[in-house]
Amino acid sequence: MTVPVDPTPALQDYARPEKLVSTQWLADQLAAGRPEGLVVVESDEDVLLYETGHIPGAVKIDWHLDLNDPVTRDYVDGAGFATLMDASGITRETTVVIYGDKSNWWAAYALWVFELFGHQDVRLLDGGRAAWQAEGRELTTSEQGKPAATTGYPVVERQDAPLRAYREDVLDFLGGPLIDVRSPQEYTGERTHMPDYPQEGTLRGGHIPTARSVPWARAAAEDGRFRPRAELEEIYQGELGFDTATPTVVYCRIGERSAHSWFVLTYLLGFENVRNYDGSWTEWGNGVRLPIAQGSEPGEVPTR
Amino acid sequence: MTESTALPSAFAEIADDFHALSGRDRLQLLLDFSNDLPALPERYAEHPELLEPVPECQSPIFLITEVEGTGREATARLFFSAPAEAPTTRGFASILAEALDGRTVGEVLDTPESVTGALGLAEVVSLLRLNGMAGMLVRIKRQLAQKSGL
């Protein structure tokens with residue numbers, strides 16, 4: 001780790017406090033000019049938001065355009081990731097702090113992809129872009145302070161298995177701790193159908209059988225920051241009875257909201273083995289012969 | 001770009017402007033559109049419930065149309081509302097406003113939905129995001145057809 005961790009007391013209760021930084025800490029780091037070894041990355045749902053103004057010195061990495069390979073419908077490979085890192089001024093040793101809009105959904109998703117490539121030190125800015133902005137902190141359209149391109153990021157083979165679930169994995173996992181983090185309406189399968197309207201994405205409404213509904217937003221406070229650990233434990237361990245030692249799978253529509261929940265379970269609560277099923281409902285809902293459940297009950301494991 | 005010659009004239013000019021630019025400058029032009037989206041007139045600003053939501057967009061956007069006259073020769077008026085935190089969606093709306101607001105209903109109805117794919121934006125905003133713009137166009141056409149009695 002090249003940049004010290006944020007010692008803010010509020011973060012120390014979390015299982016892995018080094019994965020999170022506060023807005024104040026980041027502002028302090030940047031006050032005397034961005035330290036070498038720290039690169040700030042903005043990753044948003046809205047692809048133009050960065051251009052309207054970003055944290056000074058931040059680079060933009062877009063999940064759709066930079067981290068995906070549209071032909072293989074997969075993430076970029078090791079060579080592609082290395083090229084992106086070099087262009088972004090990130091070396092294997094760089095401390096990366098990611099922030100974004102929408103309570104950090106896409107920032108968490110980008111962080112998760114960084115971890116598929118085993119990038120050691122990648123952290124989230126608690127509260128993301130909205131918190132930074134609400135505190136009246138500086139946003140700029142200037143290129144000044146952005147890291148120069150670097151060379152030599154190693155070509156690392158992506159390690160999907162520990163962090164990522166494929167549909168076959170999920171099919172074998174039914175009955176295990178499986179969390180649907182979408183809205184309750186998406187979970188039950190009721191949708192706002194209007195005549196003559198194009199339907200986006202999926203042919204069926206509902207959820208993966210046996211999945212429990214825990215909308216991602218339950219982990220977020222009003223200001224977009226994560227809820228304190230005790231409150232998170234009350235939800236995931238208390239109310240829902242999930243166990244940190246049991247392998248767990250999360251999913252949503254395309255994997256972005258579930259990356260947020262994956263971060264919460266893995267780094268804030270210390271779950272030992274959480275995988276994000278990024279195919280999520282877009283894949284499962286359309287999958288030929290894949291079983292689904294509708295309504296508010298999780299449903300049974302189908303006989304196969 | 002040969003594809004833009006087949007576009008309705010209103011879109012052809014905008015498409016040419018985008019195609020003349022490379023990646024980052026294209027985004028900048030979209031941002032200019034976004035910043036230029038006209039504000040809602042008071043009669044709608046005070047009654048947001050009159051506007052129709054467009055769920056294909058990732059970010060909240062609402063639109064409403066008005067028709068002056070009847071039939072294909074009627075004049076189409078378009079109004080949009082989207083928050084500042086959704087500049088891409090605002091940009092899409094602004095393009096539609098510039099290309100279609102004040103045209104005849106017939107011209108708008110004849111605009112092919114494929115037009116959104118011909119602006120050279122897929123590479124800089126991604127296809128998935130571009131879906132939202134097609135969603136807006138579908139709703140605009142549907143509202144106009146209804147209101148003009150077609």
# chains A, B, ... in the order shown; residues from 1 in each chain; ligands from 1
call {"tool": "interface_residues", "arguments": {"of": "chain B", "to": "chain A", "cutoff": "9 Å", "atoms": "only C-alpha atoms", "output": "ChimeraX atom specification"}}
result
/B:27-28,30-31,55-56,58-59,85-89,123-126,128-129,131,135,138-139,142
call {"tool": "select_by_dssp", "arguments": {"residues": "segment 114-152 of chain A", "states": "strand (DSSP E)", "output": "list in words"}}
result
Val122, Arg123, Leu124 and Leu125 of chain A
call {"tool": "atom_distance", "arguments": {"atom1": "atom CA of Arg26 of chain B", "atom2": "atom CA of Thr65 of chain B"}}
result
28.0 Å
call {"tool": "atom_distance", "arguments": {"atom1": "atom CA of Asn68 of chain A", "atom2": "atom CA of Leu84 of chain A"}}
result
11.3 Å
call {"tool": "closest_residue", "arguments": {"among": "B:Val105, B:Val54, B:Met133, B:Ile14", "to": "Ala74 of chain B", "atoms": "only C-alpha atoms"}}
result
B:Val105
call {"tool": "decode", "arguments": {"residues": "segment 124-148 of chain A", "atoms": "N, CA, C and O atoms", "output": "short mmCIF file (atom, residue, chain, number, x, y, z; two decimals), in the first residue's frame"}}
result
data_model
loop_
_atom_site.label_atom_id
_atom_site.label_comp_id
_atom_site.auth_asym_id
_atom_site.auth_seq_id
_atom_site.Cartn_x
_atom_site.Cartn_y
_atom_site.Cartn_z
N LEU A 124 -13.09 2.89 -2.23
CA LEU A 124 -14.25 3.70 -2.61
C LEU A 124 -14.28 4.99 -1.80
O LEU A 124 -13.93 4.98 -0.62
N LEU A 125 -14.74 6.04 -2.44
CA LEU A 125 -14.99 7.30 -1.73
C LEU A 125 -16.38 7.21 -1.12
O LEU A 125 -17.39 7.17 -1.85
N ASP A 126 -16.47 7.18 0.21
CA ASP A 126 -17.76 7.02 0.87
C ASP A 126 -18.69 8.18 0.51
O ASP A 126 -18.33 9.34 0.67
N GLY A 127 -19.87 7.85 0.01
CA GLY A 127 -20.84 8.89 -0.37
C GLY A 127 -20.72 9.32 -1.82
O GLY A 127 -21.63 9.93 -2.38
N GLY A 128 -19.58 9.02 -2.44
CA GLY A 128 -19.42 9.26 -3.87
C GLY A 128 -19.51 10.72 -4.28
O GLY A 128 -19.29 11.64 -3.49
N ARG A 129 -19.88 10.90 -5.51
CA ARG A 129 -19.93 12.23 -6.11
C ARG A 129 -20.92 13.15 -5.38
O ARG A 129 -20.64 14.34 -5.16
N ALA A 130 -22.06 12.58 -5.00
CA ALA A 130 -23.10 13.40 -4.39
C ALA A 130 -22.62 14.00 -3.06
O ALA A 130 -22.88 15.17 -2.77
N ALA A 131 -21.93 13.19 -2.26
CA ALA A 131 -21.45 13.69 -0.96
C ALA A 131 -20.39 14.78 -1.16
O ALA A 131 -20.40 15.81 -0.48
N TRP A 132 -19.50 14.56 -2.09
CA TRP A 132 -18.46 15.53 -2.40
C TRP A 132 -19.09 16.86 -2.81
O TRP A 132 -18.70 17.94 -2.35
N GLN A 133 -20.09 16.75 -3.66
CA GLN A 133 -20.76 17.94 -4.18
C GLN A 133 -21.57 18.64 -3.09
O GLN A 133 -21.56 19.87 -2.98
N ALA A 134 -22.27 17.84 -2.28
CA ALA A 134 -23.12 18.41 -1.23
C ALA A 134 -22.29 19.20 -0.22
O ALA A 134 -22.79 20.14 0.40
N GLU A 135 -21.04 18.82 -0.08
CA GLU A 135 -20.17 19.53 0.86
C GLU A 135 -19.50 20.74 0.22
O GLU A 135 -18.63 21.37 0.82
N GLY A 136 -19.90 21.02 -1.01
CA GLY A 136 -19.38 22.20 -1.70
C GLY A 136 -17.91 22.08 -2.06
O GLY A 136 -17.21 23.08 -2.22
N ARG A 137 -17.42 20.86 -2.21
CA ARG A 137 -16.01 20.67 -2.54
C ARG A 137 -15.78 20.90 -4.03
O ARG A 137 -16.70 20.86 -4.83
N GLU A 138 -14.51 21.10 -4.35
CA GLU A 138 -14.18 21.54 -5.71
C GLU A 138 -14.44 20.48 -6.78
O GLU A 138 -14.05 19.33 -6.66
N LEU A 139 -15.12 20.91 -7.84
CA LEU A 139 -15.23 20.12 -9.07
C LEU A 139 -14.69 21.00 -10.19
O LEU A 139 -14.89 22.21 -10.17
N THR A 140 -14.00 20.40 -11.12
CA THR A 140 -13.38 21.20 -12.17
C THR A 140 -13.53 20.53 -13.53
O THR A 140 -13.66 19.31 -13.61
N THR A 141 -13.52 21.34 -14.58
CA THR A 141 -13.47 20.75 -15.92
C THR A 141 -12.03 20.78 -16.45
O THR A 141 -11.77 20.37 -17.57
N SER A 142 -11.13 21.25 -15.61
CA SER A 142 -9.72 21.37 -16.04
C SER A 142 -9.03 20.01 -16.07
O SER A 142 -9.32 19.13 -15.27
N GLU A 143 -8.12 19.87 -17.00
CA GLU A 143 -7.34 18.64 -17.13
C GLU A 143 -6.15 18.65 -16.17
O GLU A 143 -5.45 17.64 -16.02
N GLN A 144 -5.93 19.79 -15.57
CA GLN A 144 -4.73 19.96 -14.75
C GLN A 144 -4.72 18.96 -13.59
O GLN A 144 -5.75 18.72 -12.97
N GLY A 145 -3.55 18.42 -13.33
CA GLY A 145 -3.40 17.51 -12.21
C GLY A 145 -3.74 16.07 -12.54
O GLY A 145 -3.57 15.18 -11.72
N LYS A 146 -4.22 15.83 -13.77
CA LYS A 146 -4.48 14.45 -14.17
C LYS A 146 -3.16 13.71 -14.34
O LYS A 146 -2.19 14.29 -14.83
N PRO A 147 -3.12 12.44 -13.98
CA PRO A 147 -1.86 11.72 -14.12
C PRO A 147 -1.49 11.54 -15.59
O PRO A 147 -2.38 11.34 -16.43
N ALA A 148 -0.20 11.63 -15.86
CA ALA A 148 0.27 11.34 -17.21
C ALA A 148 0.16 9.84 -17.44
O ALA A 148 0.18 9.06 -16.48
#
